[in-house]
Amino acid sequence: MAGQPLDVISKRLGHSNIAITAERCLSVYTSRDEAASEAFAHRYERRGDPLINRPRRSIAPANQLRDLMSATNVRADQVGSLLRPAELIEARKRGVGAERLTEIEDRSIERILRKQRDIGLEIFTDGEFRRGTFGGDFAEAVDGFGNGGGIVRTWRGDQAPQGSSLPGAIVSKVRAKRRMTAHELPYLLEHCPGPIKMTLPSANQFPINAFKVGVTDAVYPDHSALLWDIVEVIKAEIKGLADDGVTYIQIDAPRYSYYLDPKWRDHLRTTTGRDPDVLLDEAIAADNACLQGVRRAGLTLAIHLCRGNNRSHWYAEGGYDAIAENVFSSLDVDRFLLEYEDERSGSFEPLRFIPQGKSVVLGLVSSKLPTLEDADVLVRRIEEASQYVPLENLALSPQCGFASVLEGNLLSEEEQWAKLRLVVDTAHRVWQ
């Protein structure tokens, strides 16, 4: 197979149905070792593998194997979390043993990988099923968090505002105990039917919530000192994922919404005693530091900027206008996933600050509400956004994950899949 054209090798391997990353595919294609290449092909021309050998719709033509190395070519994207089945939620709440929990997680993840493939998605996640919340891996992977001392936050939504506690203040130095995704990635590498997206919380997620005056200041003098210790943990994890061959790594960063909402800017000023604009510069520097030194061929680095997502509720609102020029021009990512599902999100005008060559995933489909969007409206809104970013640099997704917390948003699993199918079908319609 060495030296064969990409269209030939992709047909031989059936790239839409292989349980490997595109980068690994291409490394075999470029190999001069004929025996190794043939062994590779034999391995993935699998005998009855339930996730292989079954046709799946693909937005990208089947002979563009090299293009799959870059997630910037994917038009139908997803943020990451998916609604957890009741069995998994109950198992976590009951505190079942590790072996039993892993068994339930494995079975649940296998099912949603099939579903993602069957509706035509090209980027796959495990739904964050091995986490209790979207950022839960961090607290479990480090020393430093204590029990209690959480901050109470009020969430807003169509129903009455609800309060929730963010448990755990920092009581000792933050140090990694293990890789954050060590319990997640191996199963995906073995079973995923296509390129993997791995999500990680931004380092900026934790200092404002976990720094408790009278407790944390005995360990760290201020929020900034805590932030830069967290950066080292996230940076090491991103490098580890890239080294493992993951080709799409996404930072989830709700905290940037603090800088676009006046009430949260005031909160930052009161809590830290610092100018929010100075804090924003530091937040950007922190995320960039996490990404430093990991760039390589075929790796897409992305960031998702949301306004909070908890049981269909949010905590911030406002357009990206206040932060667009600084954030879009400064963050060292390839792909911005942005929320644009309702009036809270403002206009597309801030997209004029997106640098040339970077891509934007328009989060036009709500993951909070069960009502299915009108495809014609989605197409018109994509056309509107293309006034600021070229159509070839745009993509479509839900505005956020479906289950940033354990119980997930207030819609059914069937409604979730209908929304993701709408994303795929609309992407076909716009970019085919």
# chains A, B, ... in the order shown; residues from 1 in each chain; ligands from 1
>>> residues_around(residues="A:Leu305", least_positions_apart="5", cutoff="6 Å", atoms="only C-alpha atoms", output="ChimeraX atom specification")
/A:253-254,338
>>> residues_around(residues="stretch 133-145 of chain A", least_positions_apart="6", cutoff="6 Å", atoms="only C-alpha atoms", output="PyMOL selection string")
chain A and resi 168-178+180+201+404-406
>>> closest_residue(among="A:Gly120, A:Gly146, A:Pro370, A:Gly245", to="A:Leu410", atoms="only C-alpha atoms")
A:Pro370
>>> select_by_dssp(residues="stretch 74-321 of chain A", states="strand (DSSP E or B)", output="JSON, numbers by chain")
{"A": [76, 124, 142, 143, 144, 145, 151, 152, 153, 154, 155, 156, 162, 163, 164, 165, 166, 170, 171, 172, 173, 174, 175, 176, 196, 197, 198, 199, 200, 201, 248, 249, 250, 251, 252, 300, 301, 302, 303, 304, 305, 310, 313, 314]}
>>> closest_residue(among="A:Phe206, A:Trp431, A:Phe328, A:Tyr248", to="A:Ile123", atoms="only C-alpha atoms")
A:Tyr248
>>> residues_around(residues="A:Ala285", least_positions_apart="3", cutoff="12 Å", atoms="only C-alpha atoms", output="ChimeraX atom specification")
/A:202-204,224,227-228,231,278-282,288-292,326-327,330-332
>>> select_by_dssp(residues="stretch 263-342 of chain A", states="helix (DSSP H, G or I)", output="JSON list (two decimals) with N, CA and C atoms, in the first residue's frame")
[["chain", "number", "residue", "atom", "x", "y", "z"],
["A", 263, "LYS", "N", -22.83, 42.70, 34.98],
["A", 263, "LYS", "CA", -22.95, 42.27, 36.38],
["A", 263, "LYS", "C", -21.79, 41.36, 36.78],
["A", 264, "TRP", "N", -21.28, 40.57, 35.83],
["A", 264, "TRP", "CA", -20.16, 39.69, 36.16],
["A", 264, "TRP", "C", -18.84, 40.44, 36.12],
["A", 265, "ARG", "N", -18.73, 41.49, 35.32],
["A", 265, "ARG", "CA", -17.55, 42.35, 35.39],
["A", 265, "ARG", "C", -17.44, 42.98, 36.78],
["A", 266, "ASP", "N", -18.58, 43.43, 37.30],
["A", 266, "ASP", "CA", -18.59, 43.99, 38.66],
["A", 266, "ASP", "C", -18.20, 42.94, 39.69],
["A", 267, "HIS", "N", -18.68, 41.73, 39.48],
["A", 267, "HIS", "CA", -18.33, 40.64, 40.40],
["A", 267, "HIS", "C", -16.83, 40.39, 40.39],
["A", 268, "LEU", "N", -16.23, 40.37, 39.24],
["A", 268, "LEU", "CA", -14.78, 40.17, 39.15],
["A", 268, "LEU", "C", -14.02, 41.27, 39.86],
["A", 269, "ARG", "N", -14.45, 42.50, 39.64],
["A", 269, "ARG", "CA", -13.77, 43.63, 40.26],
["A", 269, "ARG", "C", -13.88, 43.56, 41.79],
["A", 270, "THR", "N", -15.06, 43.21, 42.28],
["A", 270, "THR", "CA", -15.28, 43.11, 43.72],
["A", 270, "THR", "C", -14.51, 41.95, 44.34],
["A", 271, "THR", "N", -14.52, 40.80, 43.65],
["A", 271, "THR", "CA", -13.93, 39.58, 44.19],
["A", 271, "THR", "C", -12.41, 39.62, 44.19],
["A", 272, "THR", "N", -11.83, 40.16, 43.11],
["A", 272, "THR", "CA", -10.37, 40.12, 42.97],
["A", 272, "THR", "C", -9.69, 41.44, 43.28],
["A", 276, "PRO", "N", -11.26, 44.35, 35.42],
["A", 276, "PRO", "CA", -11.64, 43.21, 34.58],
["A", 276, "PRO", "C", -10.89, 43.15, 33.26],
["A", 277, "ASP", "N", -10.52, 44.28, 32.67],
["A", 277, "ASP", "CA", -9.78, 44.25, 31.41],
["A", 277, "ASP", "C", -8.38, 43.67, 31.60],
["A", 278, "VAL", "N", -7.78, 43.96, 32.74],
["A", 278, "VAL", "CA", -6.47, 43.36, 33.06],
["A", 278, "VAL", "C", -6.62, 41.86, 33.28],
["A", 279, "LEU", "N", -7.70, 41.48, 33.96],
["A", 279, "LEU", "CA", -7.97, 40.06, 34.17],
["A", 279, "LEU", "C", -8.21, 39.33, 32.85],
["A", 280, "LEU", "N", -8.89, 40.00, 31.91],
["A", 280, "LEU", "CA", -9.12, 39.38, 30.60],
["A", 280, "LEU", "C", -7.80, 39.12, 29.89],
["A", 281, "ASP", "N", -6.89, 40.07, 29.92],
["A", 281, "ASP", "CA", -5.57, 39.87, 29.30],
["A", 281, "ASP", "C", -4.87, 38.66, 29.93],
["A", 282, "GLU", "N", -4.98, 38.52, 31.25],
["A", 282, "GLU", "CA", -4.34, 37.39, 31.92],
["A", 282, "GLU", "C", -5.03, 36.08, 31.55],
["A", 283, "ALA", "N", -6.36, 36.12, 31.42],
["A", 283, "ALA", "CA", -7.09, 34.90, 31.04],
["A", 283, "ALA", "C", -6.65, 34.41, 29.67],
["A", 284, "ILE", "N", -6.51, 35.33, 28.73],
["A", 284, "ILE", "CA", -6.05, 34.97, 27.39],
["A", 284, "ILE", "C", -4.63, 34.41, 27.45],
["A", 285, "ALA", "N", -3.76, 35.07, 28.21],
["A", 285, "ALA", "CA", -2.38, 34.59, 28.34],
["A", 285, "ALA", "C", -2.34, 33.20, 28.95],
["A", 286, "ALA", "N", -3.23, 32.93, 29.91],
["A", 286, "ALA", "CA", -3.25, 31.61, 30.56],
["A", 286, "ALA", "C", -3.67, 30.52, 29.58],
["A", 287, "ASP", "N", -4.73, 30.77, 28.80],
["A", 287, "ASP", "CA", -5.15, 29.76, 27.83],
["A", 287, "ASP", "C", -4.09, 29.56, 26.76],
["A", 288, "ASN", "N", -3.47, 30.63, 26.32],
["A", 288, "ASN", "CA", -2.41, 30.50, 25.32],
["A", 288, "ASN", "C", -1.23, 29.71, 25.88],
["A", 289, "ALA", "N", -0.92, 29.91, 27.14],
["A", 289, "ALA", "CA", 0.19, 29.16, 27.76],
["A", 289, "ALA", "C", -0.12, 27.67, 27.79],
["A", 290, "CYS", "N", -1.39, 27.32, 27.98],
["A", 290, "CYS", "CA", -1.78, 25.90, 27.98],
["A", 290, "CYS", "C", -1.57, 25.26, 26.61],
["A", 291, "LEU", "N", -1.66, 26.06, 25.56],
["A", 291, "LEU", "CA", -1.54, 25.56, 24.19],
["A", 291, "LEU", "C", -0.12, 25.64, 23.66],
["A", 320, "TYR", "N", -20.78, 39.26, 22.01],
["A", 320, "TYR", "CA", -19.32, 39.16, 22.15],
["A", 320, "TYR", "C", -18.61, 40.49, 21.92],
["A", 321, "ASP", "N", -19.37, 41.56, 21.68],
["A", 321, "ASP", "CA", -18.79, 42.85, 21.30],
["A", 321, "ASP", "C", -17.70, 43.31, 22.26],
["A", 322, "ALA", "N", -17.94, 43.18, 23.57],
["A", 322, "ALA", "CA", -17.02, 43.73, 24.57],
["A", 322, "ALA", "C", -15.66, 43.05, 24.58],
["A", 324, "ALA", "N", -14.58, 40.85, 21.75],
["A", 324, "ALA", "CA", -14.27, 40.23, 20.46],
["A", 324, "ALA", "C", -12.89, 40.58, 19.94],
["A", 325, "GLU", "N", -12.56, 41.86, 19.89],
["A", 325, "GLU", "CA", -11.30, 42.25, 19.27],
["A", 325, "GLU", "C", -10.11, 41.64, 20.00],
["A", 326, "ASN", "N", -10.13, 41.69, 21.33],
["A", 326, "ASN", "CA", -9.03, 41.16, 22.12],
["A", 326, "ASN", "C", -8.98, 39.63, 22.06],
["A", 327, "VAL", "N", -10.10, 38.99, 22.31],
["A", 327, "VAL", "CA", -10.15, 37.53, 22.40],
["A", 327, "VAL", "C", -9.91, 36.88, 21.04],
["A", 328, "PHE", "N", -10.63, 37.31, 20.03],
["A", 328, "PHE", "CA", -10.52, 36.66, 18.72],
["A", 328, "PHE", "C", -9.14, 36.86, 18.10],
["A", 329, "SER", "N", -8.54, 38.02, 18.31],
["A", 329, "SER", "CA", -7.24, 38.29, 17.69],
["A", 329, "SER", "C", -6.07, 37.72, 18.49],
["A", 330, "SER", "N", -6.30, 37.39, 19.76],
["A", 330, "SER", "CA", -5.19, 37.01, 20.64],
["A", 330, "SER", "C", -5.11, 35.52, 20.96]]
>>> residues_around(residues="stretch 355-358 of chain A", least_positions_apart="3", cutoff="8 Å", atoms="only C-alpha atoms", output="mmCIF file with N, CA and C atoms, in the first residue's frame")
data_model
loop_
_atom_site.group_PDB
_atom_site.id
_atom_site.type_symbol
_atom_site.label_atom_id
_atom_site.label_comp_id
_atom_site.auth_asym_id
_atom_site.auth_seq_id
_atom_site.Cartn_x
_atom_site.Cartn_y
_atom_site.Cartn_z
ATOM 1 N N PHE A 328 -10.629 37.313 20.027
ATOM 2 C CA PHE A 328 -10.516 36.662 18.723
ATOM 3 C C PHE A 328 -9.138 36.863 18.096
ATOM 4 N N SER A 329 -8.537 38.018 18.312
ATOM 5 C CA SER A 329 -7.242 38.286 17.687
ATOM 6 C C SER A 329 -6.073 37.723 18.491
ATOM 7 N N VAL A 333 -5.819 29.766 18.861
ATOM 8 C CA VAL A 333 -6.603 28.587 18.485
ATOM 9 C C VAL A 333 -6.916 28.662 16.998
ATOM 10 N N ASP A 334 -7.348 27.524 16.464
ATOM 11 C CA ASP A 334 -7.731 27.452 15.052
ATOM 12 C C ASP A 334 -9.223 27.651 14.837
ATOM 13 N N ARG A 335 -9.989 27.388 15.894
ATOM 14 C CA ARG A 335 -11.443 27.231 15.710
ATOM 15 C C ARG A 335 -12.158 27.780 16.946
ATOM 16 N N PHE A 336 -13.108 28.677 16.729
ATOM 17 C CA PHE A 336 -13.919 29.240 17.798
ATOM 18 C C PHE A 336 -15.325 28.649 17.719
ATOM 19 N N ASN A 393 -15.023 29.134 5.955
ATOM 20 C CA ASN A 393 -14.440 29.111 7.298
ATOM 21 C C ASN A 393 -15.502 29.021 8.390
#
>>> closest_residue(among="A:Leu121, A:Asp244, A:Gly401, A:Glu317", to="A:Arg75", atoms="only C-alpha atoms")
A:Leu121
>>> closest_residue(among="A:Thr181, A:Gln205, A:Gln250, A:Thr371", to="A:Gln416", atoms="only C-alpha atoms")
A:Thr371
>>> closest_residue(among="A:Ile354, A:Ala91, A:Leu422, A:Ile323", to="A:Glu105", atoms="only C-alpha atoms")
A:Ala91
